[in-house]
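final-v4.txt (compact mmCIF, C-alpha atoms and all ligand atoms) appears below.
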```txt
# COMPACT_ATOMS: atom_id res chain seq x y z
CA MET A 545 16.51 42.02 -3.75
CA VAL A 546 18.34 39.36 -5.74
CA GLY A 547 17.79 39.48 -9.50
CA GLU A 548 18.32 41.88 -12.41
CA GLY A 549 18.03 45.38 -11.07
CA GLY A 550 17.91 44.16 -7.46
CA GLY A 551 20.15 45.66 -4.82
CA LEU A 552 22.43 42.62 -4.74
CA GLY A 553 22.67 41.88 -8.47
CA ALA A 554 21.47 38.77 -10.28
CA SER A 555 23.56 36.09 -8.61
CA PRO A 556 25.31 37.07 -5.42
CA THR A 557 27.24 34.62 -3.24
CA ILE A 558 27.50 34.78 0.53
CA ASP A 559 30.72 33.11 1.60
CA THR A 560 31.68 31.57 4.91
CA GLN A 561 32.11 34.19 7.61
CA GLN A 562 29.86 36.52 5.61
CA SER A 563 26.43 37.47 6.85
CA LEU A 564 23.89 39.50 4.97
CA GLU A 565 21.32 41.16 7.22
CA VAL A 566 18.14 42.62 5.76
CA ALA A 567 15.97 44.73 8.03
CA GLY A 568 12.66 44.04 6.21
CA ASP A 569 11.68 41.55 3.55
CA ALA A 570 14.15 39.93 1.18
CA GLU A 571 13.21 38.68 -2.26
CA ILE A 572 14.86 36.39 -4.77
CA ARG A 573 13.32 37.35 -8.08
CA SER A 574 12.49 34.96 -10.89
CA ASP A 575 15.85 35.57 -12.59
CA GLY A 576 17.83 35.64 -9.36
CA VAL A 577 20.16 33.04 -7.87
CA LEU A 578 21.37 33.43 -4.30
CA THR A 579 24.26 31.15 -3.44
CA LEU A 580 25.12 30.41 0.15
CA ALA A 581 28.70 29.19 0.29
CA GLY A 582 28.72 28.74 4.04
CA GLY A 583 27.43 32.20 4.83
CA SER A 584 24.12 33.44 6.17
CA LEU A 585 21.18 35.54 5.14
CA LYS A 586 19.19 37.06 7.97
CA ALA A 587 15.93 38.72 7.06
CA GLY A 588 14.04 40.66 9.71
CA GLY A 589 10.86 40.16 7.66
CA ARG A 590 10.19 37.40 5.20
CA THR A 591 12.38 36.00 2.44
CA LEU A 592 10.32 35.25 -0.64
CA ILE A 593 11.67 33.13 -3.49
CA ARG A 594 9.72 33.93 -6.65
CA ALA A 595 8.91 31.36 -9.33
CA GLY A 596 12.16 30.66 -11.19
CA GLY A 597 14.27 32.11 -8.38
CA VAL A 598 16.95 29.91 -6.81
CA LEU A 599 18.43 29.63 -3.33
CA GLN A 600 21.32 27.17 -3.36
CA GLY A 601 24.33 25.88 -1.47
CA HIS A 602 24.91 25.50 2.26
CA GLY A 603 24.67 27.88 5.15
CA VAL A 604 21.79 29.68 6.83
CA ALA A 605 18.76 31.56 5.59
CA ALA A 606 17.26 32.75 8.88
CA GLY A 607 13.84 34.34 9.21
CA ARG A 608 10.52 33.37 7.68
CA LEU A 609 11.02 31.79 4.28
CA ALA A 610 8.45 31.26 1.54
CA GLY A 611 8.88 29.79 -1.92
CA GLU A 612 6.45 30.29 -4.76
CA GLN A 613 5.47 27.50 -7.14
CA PHE A 614 8.48 26.70 -9.41
CA SER A 615 10.90 28.38 -7.05
CA GLN A 616 13.93 26.26 -6.22
CA ILE A 617 15.97 25.51 -3.14
CA SER A 618 18.98 23.25 -3.75
CA ALA A 619 21.27 22.07 -0.98
CA SER A 620 24.86 21.13 -1.66
CA GLY A 621 28.23 21.11 0.03
CA GLY A 622 27.00 20.95 3.64
CA SER A 623 24.05 21.73 5.85
CA LEU A 624 21.41 24.21 4.82
CA LEU A 625 19.33 25.75 7.60
CA LEU A 626 16.14 27.46 6.57
CA GLY A 627 13.26 29.26 8.23
CA ASP A 628 12.23 30.63 11.60
CA PRO A 629 11.48 28.24 14.48
CA MET A 630 9.56 31.00 16.33
CA ALA A 631 7.08 31.79 13.52
CA LEU A 632 4.01 29.73 12.66
CA ASP A 633 4.82 30.32 8.99
CA GLY A 634 8.54 29.84 9.51
CA PHE A 635 8.98 27.75 6.38
CA GLN A 636 6.56 27.25 3.50
CA THR A 637 7.31 26.42 -0.08
CA GLU A 638 5.19 25.58 -3.08
CA GLY A 639 8.29 24.99 -5.15
CA ILE A 640 11.17 22.56 -5.53
CA LEU A 641 13.32 21.53 -2.59
CA GLU A 642 16.38 19.51 -3.58
CA VAL A 643 17.96 17.95 -0.52
CA GLY A 644 20.22 15.67 -2.53
CA SER A 645 22.86 14.07 -0.33
CA ALA A 646 23.03 17.08 1.97
CA GLU A 647 21.30 17.92 5.24
CA VAL A 648 18.49 20.43 5.15
CA VAL A 649 16.87 21.73 8.34
CA VAL A 650 13.56 23.52 7.88
CA SER A 651 12.29 25.41 10.92
CA SER A 652 8.82 26.62 11.77
CA LEU A 653 6.73 26.84 14.91
CA SER A 654 4.06 24.75 13.16
CA TYR A 655 4.59 22.27 10.36
CA ALA A 656 7.13 23.29 7.73
CA THR A 657 5.02 23.07 4.58
CA LEU A 658 6.04 21.47 1.30
CA GLY A 659 3.73 22.06 -1.63
CA GLY A 660 5.76 21.14 -4.69
CA LEU A 661 8.44 18.54 -5.35
CA THR A 662 10.96 17.57 -2.68
CA THR A 663 13.80 15.23 -3.64
CA LEU A 664 16.35 13.37 -1.54
CA GLY A 665 19.40 11.53 -2.81
CA GLY A 666 20.58 9.89 0.39
CA GLY A 667 20.46 13.07 2.44
CA THR A 668 18.48 14.14 5.48
CA LEU A 669 15.57 16.53 5.78
CA LYS A 670 14.93 17.64 9.35
CA ALA A 671 11.88 19.44 10.70
CA ALA A 672 11.65 19.42 14.49
CA ASN A 673 8.06 20.67 14.55
CA GLY A 674 6.94 18.54 11.67
CA LEU A 675 6.78 18.46 7.95
CA ALA A 676 3.50 18.73 6.06
CA LEU A 677 3.08 17.63 2.45
CA SER A 678 0.17 19.57 0.98
CA CYS A 679 -2.33 18.22 -1.51
CA GLY A 680 -0.49 17.71 -4.81
CA ALA A 681 2.96 17.71 -3.21
CA SER A 682 5.46 14.91 -3.78
CA LEU A 683 8.50 13.76 -1.88
CA ARG A 684 10.75 11.40 -3.80
CA GLY A 685 14.05 9.69 -3.14
CA TRP A 686 15.98 7.90 -0.41
CA GLY A 687 17.48 8.95 2.89
CA SER A 688 15.85 10.31 6.05
CA VAL A 689 13.03 12.66 6.83
CA MET A 690 13.35 13.39 10.54
CA GLY A 691 10.44 14.94 12.41
CA PRO A 692 6.71 14.31 12.47
CA VAL A 693 5.49 13.78 8.91
CA ALA A 694 1.97 14.63 7.83
CA GLY A 695 0.94 13.82 4.27
CA GLU A 696 -2.30 15.43 3.18
CA SER A 697 -4.77 13.64 0.99
CA GLY A 698 -3.45 14.02 -2.57
CA SER A 699 0.21 14.02 -1.54
CA THR A 700 2.70 11.34 -2.57
CA ILE A 701 5.78 9.95 -0.87
CA TYR A 702 7.75 7.92 -3.39
CA ALA A 703 10.66 5.81 -2.21
CA ALA A 704 13.46 5.53 -4.78
CA GLY A 705 15.69 3.68 -2.30
CA ASP A 706 15.58 3.03 1.42
CA LEU A 707 13.70 5.79 3.15
CA GLN A 708 13.10 6.60 6.79
CA LEU A 709 10.26 8.87 7.85
CA GLY A 710 8.94 10.23 11.11
CA ASP A 711 9.83 10.83 14.72
CA ASP A 712 9.91 8.04 17.31
CA ALA A 713 9.31 10.56 20.11
CA ALA A 714 6.12 11.98 18.58
CA PRO A 715 2.70 10.31 18.87
CA ASP A 716 1.93 11.78 15.46
CA GLY A 717 5.30 10.79 14.06
CA VAL A 718 3.76 9.52 10.83
CA GLN A 719 0.25 10.61 9.93
CA LEU A 720 -0.46 10.06 6.26
CA SER A 721 -3.62 10.70 4.31
CA GLY A 722 -2.07 10.51 0.85
CA ARG A 723 -0.02 7.92 -0.98
CA LEU A 724 3.12 6.10 0.02
CA VAL A 725 4.88 4.20 -2.76
CA VAL A 726 7.30 1.74 -1.17
CA GLY A 727 8.02 -0.22 -4.36
CA PRO A 728 10.86 -2.73 -3.92
CA HIS A 729 12.55 -0.66 -1.19
CA LEU A 730 12.65 -0.52 2.60
CA VAL A 731 10.58 2.26 4.11
CA THR A 732 10.82 2.68 7.88
CA LEU A 733 8.14 4.69 9.69
CA THR A 734 8.94 5.94 13.17
CA ASP A 735 6.33 7.09 15.65
CA SER A 736 5.97 6.81 19.43
CA ASN A 737 2.86 4.70 18.79
CA LYS A 738 1.06 3.60 15.64
CA ALA A 739 2.11 5.05 12.31
CA VAL A 740 -0.99 5.93 10.30
CA LEU A 741 -1.20 5.07 6.62
CA GLY A 742 -3.07 7.07 3.99
CA SER A 743 -5.24 6.53 0.94
CA LEU A 744 -2.83 4.15 -0.79
CA THR A 745 0.33 2.33 0.25
CA ASP A 746 1.83 0.28 -2.56
CA LEU A 747 4.57 -2.33 -2.26
CA ALA A 748 6.28 -4.13 -5.12
CA GLY A 749 8.22 -6.67 -3.10
CA GLY A 750 9.59 -4.12 -0.65
CA THR A 751 9.36 -3.81 3.12
CA LEU A 752 7.34 -1.39 5.19
CA ARG A 753 8.60 -1.33 8.77
CA ALA A 754 6.97 0.30 11.80
CA ALA A 755 8.38 -0.77 15.16
CA ARG A 756 5.36 0.53 17.12
CA GLY A 757 2.75 -0.72 14.70
CA LEU A 758 0.77 0.33 11.66
CA LEU A 759 -2.75 1.65 11.66
CA VAL A 760 -4.63 1.24 8.40
CA PRO A 761 -7.77 3.41 8.72
CA ASP A 762 -10.97 2.42 6.96
CA THR A 763 -10.33 4.75 4.01
CA SER A 764 -6.83 3.34 3.47
CA ASN A 765 -5.58 0.68 1.08
CA ILE A 766 -2.41 -1.40 0.96
CA THR A 767 -1.75 -2.88 -2.47
CA GLY A 768 0.77 -5.17 -4.17
CA HIS A 769 2.97 -7.67 -2.37
CA GLY A 770 5.82 -7.56 0.11
CA LEU A 771 6.64 -7.50 3.79
CA LEU A 772 4.89 -5.50 6.49
CA ASP A 773 7.33 -5.63 9.39
CA ALA A 774 4.91 -4.49 12.08
CA ASN A 775 1.83 -5.24 14.13
CA VAL A 776 -1.09 -4.16 11.97
CA TRP A 777 -4.45 -2.71 12.97
CA LEU A 778 -6.45 -3.20 9.79
CA ASP A 779 -9.64 -1.20 9.40
CA GLY A 780 -9.00 -0.50 5.71
CA ALA A 781 -8.19 -2.79 2.84
CA ILE A 782 -5.31 -5.01 1.83
CA LEU A 783 -5.46 -5.81 -1.88
CA SER A 784 -2.88 -8.46 -2.48
CA ASP A 785 -1.58 -9.59 -5.85
CA ALA A 786 -0.75 -13.26 -6.43
CA ALA A 787 2.55 -13.01 -4.51
CA GLY A 788 0.74 -11.95 -1.32
CA PHE A 789 1.85 -10.15 1.81
CA GLU A 790 3.86 -11.34 4.76
CA ILE A 791 3.23 -9.61 8.08
CA THR A 792 5.72 -10.23 10.87
CA GLY A 793 3.54 -9.18 13.81
CA ASP A 794 -0.07 -9.55 14.94
CA VAL A 795 -2.93 -8.47 12.73
CA ILE A 796 -6.19 -7.23 14.18
CA PHE A 797 -8.90 -7.06 11.54
CA GLY A 798 -11.57 -4.45 12.26
CA GLU A 799 -15.24 -4.70 11.34
CA ALA A 800 -14.62 -2.66 8.16
CA ALA A 801 -11.45 -4.52 7.17
CA GLU A 802 -11.23 -5.97 3.68
CA LEU A 803 -8.74 -8.49 2.45
CA THR A 804 -8.69 -9.01 -1.30
CA ALA A 805 -6.58 -11.90 -2.51
CA LEU A 806 -5.73 -12.78 -6.08
CA LEU A 807 -5.73 -16.53 -6.62
CA ASP A 808 -3.44 -17.54 -9.43
CA GLY A 809 -1.78 -20.77 -10.48
CA PHE A 810 -1.09 -23.14 -7.62
CA SER A 811 0.62 -20.67 -5.35
CA LEU A 812 -0.59 -20.36 -1.80
CA CYS A 813 -1.38 -16.74 -1.43
CA GLY A 814 -3.00 -14.05 0.59
CA LEU A 815 -1.49 -13.36 3.98
CA SER A 816 1.29 -15.03 5.88
CA ILE A 817 1.16 -13.68 9.44
CA GLY A 818 4.01 -14.26 11.88
CA GLY A 819 1.95 -13.27 14.93
CA ASP A 820 -1.68 -13.83 15.83
CA ALA A 821 -4.57 -13.04 13.51
CA GLU A 822 -7.84 -11.75 14.94
CA LEU A 823 -10.23 -11.98 12.01
CA ASP A 824 -13.21 -9.82 11.15
CA GLY A 825 -14.42 -7.91 8.10
CA ARG A 826 -14.61 -9.29 4.60
CA LEU A 827 -12.54 -11.51 2.35
CA PHE A 828 -12.77 -10.92 -1.39
CA LEU A 829 -11.30 -13.34 -3.89
CA GLN A 830 -10.20 -12.63 -7.42
CA LEU A 831 -9.24 -15.35 -9.87
CA GLY A 832 -6.10 -14.82 -11.92
CA GLN A 833 -5.73 -15.99 -15.50
CA ASP A 834 -3.81 -19.10 -14.45
CA PHE A 835 -6.28 -20.18 -11.79
CA VAL A 836 -7.79 -23.58 -12.54
CA PRO A 837 -10.95 -24.15 -10.51
CA ALA A 838 -10.89 -27.47 -8.70
CA PRO A 839 -14.08 -27.86 -6.66
CA GLY A 840 -13.62 -30.38 -3.88
CA SER A 841 -10.09 -29.22 -3.15
CA ASP A 842 -9.00 -26.54 -0.71
CA LEU A 843 -6.39 -23.84 -0.70
CA THR A 844 -4.78 -21.90 2.12
CA ILE A 845 -5.60 -18.21 2.09
CA LEU A 846 -4.05 -17.13 5.39
CA THR A 847 -1.61 -18.54 7.90
CA ALA A 848 -0.79 -17.20 11.38
CA ARG A 849 0.67 -18.28 14.71
CA ALA A 850 -2.90 -18.44 15.99
CA VAL A 851 -6.18 -17.60 14.29
CA SER A 852 -9.27 -16.32 16.11
CA GLY A 853 -12.50 -14.81 14.81
CA ILE A 854 -13.97 -15.25 11.35
CA PHE A 855 -14.54 -13.26 8.19
CA GLN A 856 -18.09 -11.88 8.14
CA GLU A 857 -18.31 -12.35 4.39
CA ILE A 858 -16.38 -14.25 1.76
CA ALA A 859 -17.14 -13.33 -1.82
CA LEU A 860 -15.72 -14.18 -5.20
CA GLN A 861 -15.29 -11.10 -7.37
CA GLU A 862 -15.89 -11.57 -11.08
CA GLY A 863 -15.61 -15.33 -11.01
CA PRO A 864 -17.76 -18.10 -12.53
CA ALA A 865 -21.33 -18.03 -11.22
CA GLY A 866 -21.21 -21.67 -10.24
CA LEU A 867 -18.06 -21.52 -8.08
CA TRP A 868 -17.99 -20.53 -4.44
CA PHE A 869 -15.72 -20.90 -1.47
CA GLU A 870 -16.42 -22.19 2.01
CA PRO A 871 -14.00 -21.25 4.79
CA ILE A 872 -12.33 -23.81 7.03
CA TYR A 873 -10.97 -22.14 10.16
CA LEU A 874 -8.07 -24.02 11.70
CA ALA A 875 -5.89 -23.08 14.67
CA ASP A 876 -3.12 -21.65 12.53
CA ARG A 877 -4.67 -21.06 9.12
CA VAL A 878 -7.75 -20.37 7.09
CA LYS A 879 -8.46 -22.64 4.17
CA LEU A 880 -11.04 -22.24 1.49
CA MET A 881 -12.88 -25.20 0.10
CA GLN A 882 -13.78 -24.76 -3.54
CA CYS A 883 -17.39 -25.70 -4.11
CA ALA A 884 -19.64 -26.25 -7.11
CA LEU A 885 -22.62 -28.35 -8.10
CA GLY A 886 -21.39 -31.86 -8.89
CA GLY A 887 -20.98 -32.14 -12.66
CA ASP A 888 -21.10 -28.38 -13.36
CA ALA A 889 -18.08 -28.47 -15.67
CA ASN A 890 -18.58 -24.97 -17.07
CA LEU A 891 -19.36 -23.57 -13.62
CA ASP A 892 -22.40 -21.67 -14.79
CA GLY A 893 -24.39 -22.72 -11.74
CA SER A 894 -26.52 -25.39 -13.38
CA VAL A 895 -25.93 -28.93 -14.53
CA GLY A 896 -27.13 -29.79 -17.99
CA ILE A 897 -26.37 -30.72 -21.54
CA GLY A 898 -23.40 -28.32 -21.84
CA ASP A 899 -21.65 -30.06 -18.96
CA LEU A 900 -22.43 -33.49 -20.38
CA ALA A 901 -20.94 -32.40 -23.70
CA VAL A 902 -17.72 -31.42 -21.96
CA LEU A 903 -17.47 -34.78 -20.24
CA ALA A 904 -18.35 -36.67 -23.39
CA GLY A 905 -15.79 -34.74 -25.38
CA ASN A 906 -13.04 -35.76 -22.96
CA TRP A 907 -14.35 -39.24 -22.20
CA TYR A 908 -11.80 -41.54 -20.60
CA GLU A 909 -8.93 -39.10 -20.74
CA GLU A 910 -6.19 -38.75 -18.15
CA GLY A 911 -4.89 -35.49 -16.62
CA MET A 912 -8.27 -33.78 -16.70
CA THR A 913 -9.46 -30.85 -14.57
CA TRP A 914 -12.93 -30.03 -13.27
CA GLY A 915 -13.53 -27.84 -16.29
CA GLU A 916 -12.70 -30.80 -18.52
CA GLY A 917 -15.08 -33.18 -16.78
CA ASP A 918 -13.12 -34.66 -13.85
CA PHE A 919 -15.52 -34.03 -10.99
CA THR A 920 -14.03 -36.67 -8.68
CA GLY A 921 -10.56 -35.14 -8.66
CA ASP A 922 -8.74 -38.29 -9.74
CA GLY A 923 -7.62 -36.79 -13.03
CA TRP A 924 -9.68 -39.20 -15.13
CA THR A 925 -12.98 -38.67 -16.86
CA THR A 926 -14.84 -41.88 -16.22
CA LEU A 927 -18.10 -43.39 -15.07
CA GLY A 928 -17.60 -41.87 -11.58
CA ASP A 929 -17.72 -38.39 -13.07
CA LEU A 930 -20.76 -39.25 -15.13
CA SER A 931 -22.49 -40.51 -11.97
CA LEU A 932 -21.82 -37.22 -10.22
CA LEU A 933 -23.14 -35.31 -13.17
CA ALA A 934 -26.21 -37.52 -13.35
CA ALA A 935 -26.88 -37.06 -9.62
CA SER A 936 -27.12 -33.28 -10.07
CA TRP A 937 -28.73 -33.39 -13.50
CA ASP A 938 -30.93 -30.37 -14.14
CA SER A 939 -30.18 -28.75 -10.78
CA THR A 940 -29.47 -25.06 -10.58
CA LEU A 941 -28.02 -22.82 -7.91
CA SER A 942 -31.17 -21.10 -6.72
CA LEU A 943 -29.40 -18.30 -4.91
CA PRO A 944 -27.35 -15.50 -6.41
CA ALA A 945 -23.72 -16.36 -7.02
CA GLY A 946 -21.58 -15.80 -3.99
CA VAL A 947 -24.33 -16.34 -1.44
CA PRO A 948 -25.45 -19.94 -1.83
CA GLU A 949 -27.10 -21.70 1.07
CA PRO A 950 -23.78 -23.07 2.29
CA THR A 951 -24.41 -26.40 3.90
CA THR A 952 -26.80 -27.75 1.31
CA PHE A 953 -24.58 -27.10 -1.66
CA LEU A 954 -21.45 -28.15 0.11
CA LEU A 955 -23.15 -31.47 0.70
CA LEU A 956 -24.14 -31.63 -2.95
CA ALA A 957 -20.62 -30.98 -4.06
CA LEU A 958 -18.86 -33.24 -1.63
CA GLY A 959 -21.61 -35.71 -0.79
CA GLY A 960 -21.70 -36.89 -4.35
CA MET A 961 -18.30 -38.43 -3.94
CA ALA A 962 -19.35 -40.34 -0.84
CA LEU A 963 -22.40 -41.56 -2.68
CA LEU A 964 -20.24 -42.72 -5.51
CA ARG A 965 -17.97 -44.69 -3.20
CA LEU A 966 -21.01 -46.44 -1.76
CA ARG A 967 -22.05 -47.52 -5.22
CA GLN A 968 -18.68 -49.00 -6.09
CA CA A 1001 -23.07 -26.03 -16.14
CA CA A 1002 -12.68 -38.43 -12.40
```
Spell out the structure here as structure tokens.
Amino acid sequence: MVGEGGGLGASPTIDTQQSLEVAGDAEIRSDGVLTLAGGSLKAGGRTLIRAGGVLQGHGVAAGRLAGEQFSQISASGGSLLLGDPMALDGFQTEGILEVGSAEVVVSSLSYATLGGLTTLGGGTLKAANGLALSCGASLRGWGSVMGPVAGESGSTIYAAGDLQLGDDAAPDGVQLSGRLVVGPHLVTLTDSNKAVLGSLTDLAGGTLRAARGLLVPDTSNITGHGLLDANVWLDGAILSDAAGFEITGDVIFGEAAELTALLDGFSLCGLSIGGDAELDGRLFLQLGQDFVPAPGSDLTILTARAVSGIFQEIALQEGPAGLWFEPIYLADRVKLMQCALGGDANLDGSVGIGDLAVLAGNWYEEGMTWGEGDFTGDGWTTLGDLSLLAASWDSTLSLPAGVPEPTTFLLLALGGMALLRLRQ
């Protein structure tokens, strides 16, 4: 017993060359601090660290080890070896594990289990038989986690610098169900085949690397912007902000895949794919505050070395009712043509007095947009625009927004211009 009234006192230290052997169970009580200064603790039974109790330093704590919630294990000064590689419950903690810049080896016949907060400050956490982050557990920092890593749903891995996770010899080297926050950092996932991402993977300009590929299951989401340095099997969702994602390898979109792109300003956005893109699933578009609708013009949503397949659905989320997008599939890119009824300045899906008022209010001005009455795209609000408006006068999109009868309306939007040229 370590702690007030325990057999070893409140804060014993086991120095190098020293070995403390306990026949049965050992316990570090809530007011106890056991310092390993190179020495070893060997418990024949289980070592239990109570809430508030501390095991710190470097050395060996052999035998089954369990930490209660709010217990603390802090490594410093060298390697810290914990647990029992022959026991299924060789290492389990609900508490704090501070790896810092040291090396911590946790041993168990099954996964070593982390339930609380684990922090790394450039150090290495090794678990030959795997490391499991339970629901509610967090791992934060930078350095290496070596061994198969399983993150349960509700767990969080938070990179605070470059972080390496997994085991390139294990087919379940990285198997996440929870969150992975890459942020602006480099996170490298190692696995003998595909690394599996969890509920949410967020990048803020950083890089997620997986040499053998990334699997994004249908319940998983990748959000933000940055670089995915991998081949990607996408059955889940990529929700890109205006800066978009770059993917170095091939991307295979599954039937359930969803790509959500935020269109903002004039930036080309969405996905830039270095390898081949095999499209399927759905494309959702969101309009940013700086997006200026320009029906009749197109924008590039995706580029790749080679594009095959199509999106099964393309839908505008929370946009004007009168604006829709038609895909143009090219050999190396997908473009979206912006479409609207000719003359529908306010993009409400019908052409009427409100639209005429917009045009009249800006009559014969230069530098105009669609929303200001330039329906021909020449920047001017002139007779040509009025003709387009007149040609669609009183027409209304008869189908719900997002699912117009494509060909007809595309012809309305674009055909008006041809008509106009004939009249000139
Ligand atoms: Ca209108
Ligand atoms: Ca014009």
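Note that CA of Thr925 (chain A) and CA of Gln830 (chain A) are 27.8 Å apart.
The space between CA of Asp820 (chain A) and CA of Ala875 (chain A) spans 10.2 Å.
Compared by their closest atoms to ligand CA 1001 (chain A), and using all atoms listed in the file, the residues A:Gly896, A:Gly749, A:Gly710, A:Gly915 rank with A:Gly896 nearest.
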Notebook entry, point to check: Skipping near chain neighbours, those fewer than 5 positions away, what residues fall within 9 Å of Tyr908 (chain A) using only C-alpha atoms, listed as number ranges by chain?
Noted result: A: 903, 924-927
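Taking CA of Arg590 (chain A) and CA of Asp711 (chain A) as endpoints, the distance between them is 28.2 Å.
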So that I can check the surroundings of Gly666 (chain A), please list as a PDB file with C-alpha atoms, keeping the file's coordinate frame every protein, DNA and RNA residue that reaches within 8 Å of it, counting all atoms listed in the file and ignoring chain neighbours fewer than 2 positions away.
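Output below, filename around-v9.pdb:
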```pdb
ATOM      1  CA  GLY A 644      20.220  15.670  -2.530  1.00  0.00           C
ATOM      2  CA  SER A 645      22.860  14.070  -0.330  1.00  0.00           C
ATOM      3  CA  ALA A 646      23.030  17.080   1.970  1.00  0.00           C
ATOM      4  CA  LEU A 664      16.350  13.370  -1.540  1.00  0.00           C
ATOM      5  CA  THR A 668      18.480  14.140   5.480  1.00  0.00           C
ATOM      6  CA  GLY A 685      14.050   9.690  -3.140  1.00  0.00           C
ATOM      7  CA  TRP A 686      15.980   7.900  -0.410  1.00  0.00           C
ATOM      8  CA  GLY A 687      17.480   8.950   2.890  1.00  0.00           C
ATOM      9  CA  SER A 688      15.850  10.310   6.050  1.00  0.00           C
TER      10      SER A 688
END
```
Margin query: Taking all atoms listed in the file and a cut-off of 9 Å, can you tell me which residues surround ligand CA 1001 (chain A), written as a VMD selection string?
Written below: chain A and resid 866 885 887 to 900 940
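With all atoms listed in the file as the basis for measurement, A:Pro871 is the residue among A:Gly691, A:Pro871, A:Gly814, A:Gly840 that approaches Ala859 (chain A) most closely.
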Within 9 Å of ligand CA 1002 (chain A), which residues of chain A come that close, and what is the closest atom pair and distance in Å for each? Count all atoms listed in the file and give it as JSON lines.
```
{"residue": "A:Tyr908", "atom": "CA", "partner": "A:CA1002", "partner_atom": "CA", "distance": 8.8}
{"residue": "A:Glu910", "atom": "CA", "partner": "A:CA1002", "partner_atom": "CA", "distance": 8.7}
{"residue": "A:Met912", "atom": "CA", "partner": "A:CA1002", "partner_atom": "CA", "distance": 7.7}
{"residue": "A:Thr913", "atom": "CA", "partner": "A:CA1002", "partner_atom": "CA", "distance": 8.5}
{"residue": "A:Trp914", "atom": "CA", "partner": "A:CA1002", "partner_atom": "CA", "distance": 8.4}
{"residue": "A:Gly917", "atom": "CA", "partner": "A:CA1002", "partner_atom": "CA", "distance": 7.2}
{"residue": "A:Asp918", "atom": "CA", "partner": "A:CA1002", "partner_atom": "CA", "distance": 4.1}
{"residue": "A:Phe919", "atom": "CA", "partner": "A:CA1002", "partner_atom": "CA", "distance": 5.4}
{"residue": "A:Thr920", "atom": "CA", "partner": "A:CA1002", "partner_atom": "CA", "distance": 4.3}
{"residue": "A:Gly921", "atom": "CA", "partner": "A:CA1002", "partner_atom": "CA", "distance": 5.4}
{"residue": "A:Asp922", "atom": "CA", "partner": "A:CA1002", "partner_atom": "CA", "distance": 4.8}
{"residue": "A:Gly923", "atom": "CA", "partner": "A:CA1002", "partner_atom": "CA", "distance": 5.4}
{"residue": "A:Trp924", "atom": "CA", "partner": "A:CA1002", "partner_atom": "CA", "distance": 4.1}
{"residue": "A:Thr925", "atom": "CA", "partner": "A:CA1002", "partner_atom": "CA", "distance": 4.5}
{"residue": "A:Thr926", "atom": "CA", "partner": "A:CA1002", "partner_atom": "CA", "distance": 5.6}
{"residue": "A:Leu927", "atom": "CA", "partner": "A:CA1002", "partner_atom": "CA", "distance": 7.8}
{"residue": "A:Gly928", "atom": "CA", "partner": "A:CA1002", "partner_atom": "CA", "distance": 6.1}
{"residue": "A:Asp929", "atom": "CA", "partner": "A:CA1002", "partner_atom": "CA", "distance": 5.1}
{"residue": "A:Leu930", "atom": "CA", "partner": "A:CA1002", "partner_atom": "CA", "distance": 8.6}
```
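Between Ala781 (chain A) and the residues A:Ser743, A:Gln561, A:Thr751, A:Ser654, the shortest atom-to-atom distance, using all atoms listed in the file, involves A:Ser743.
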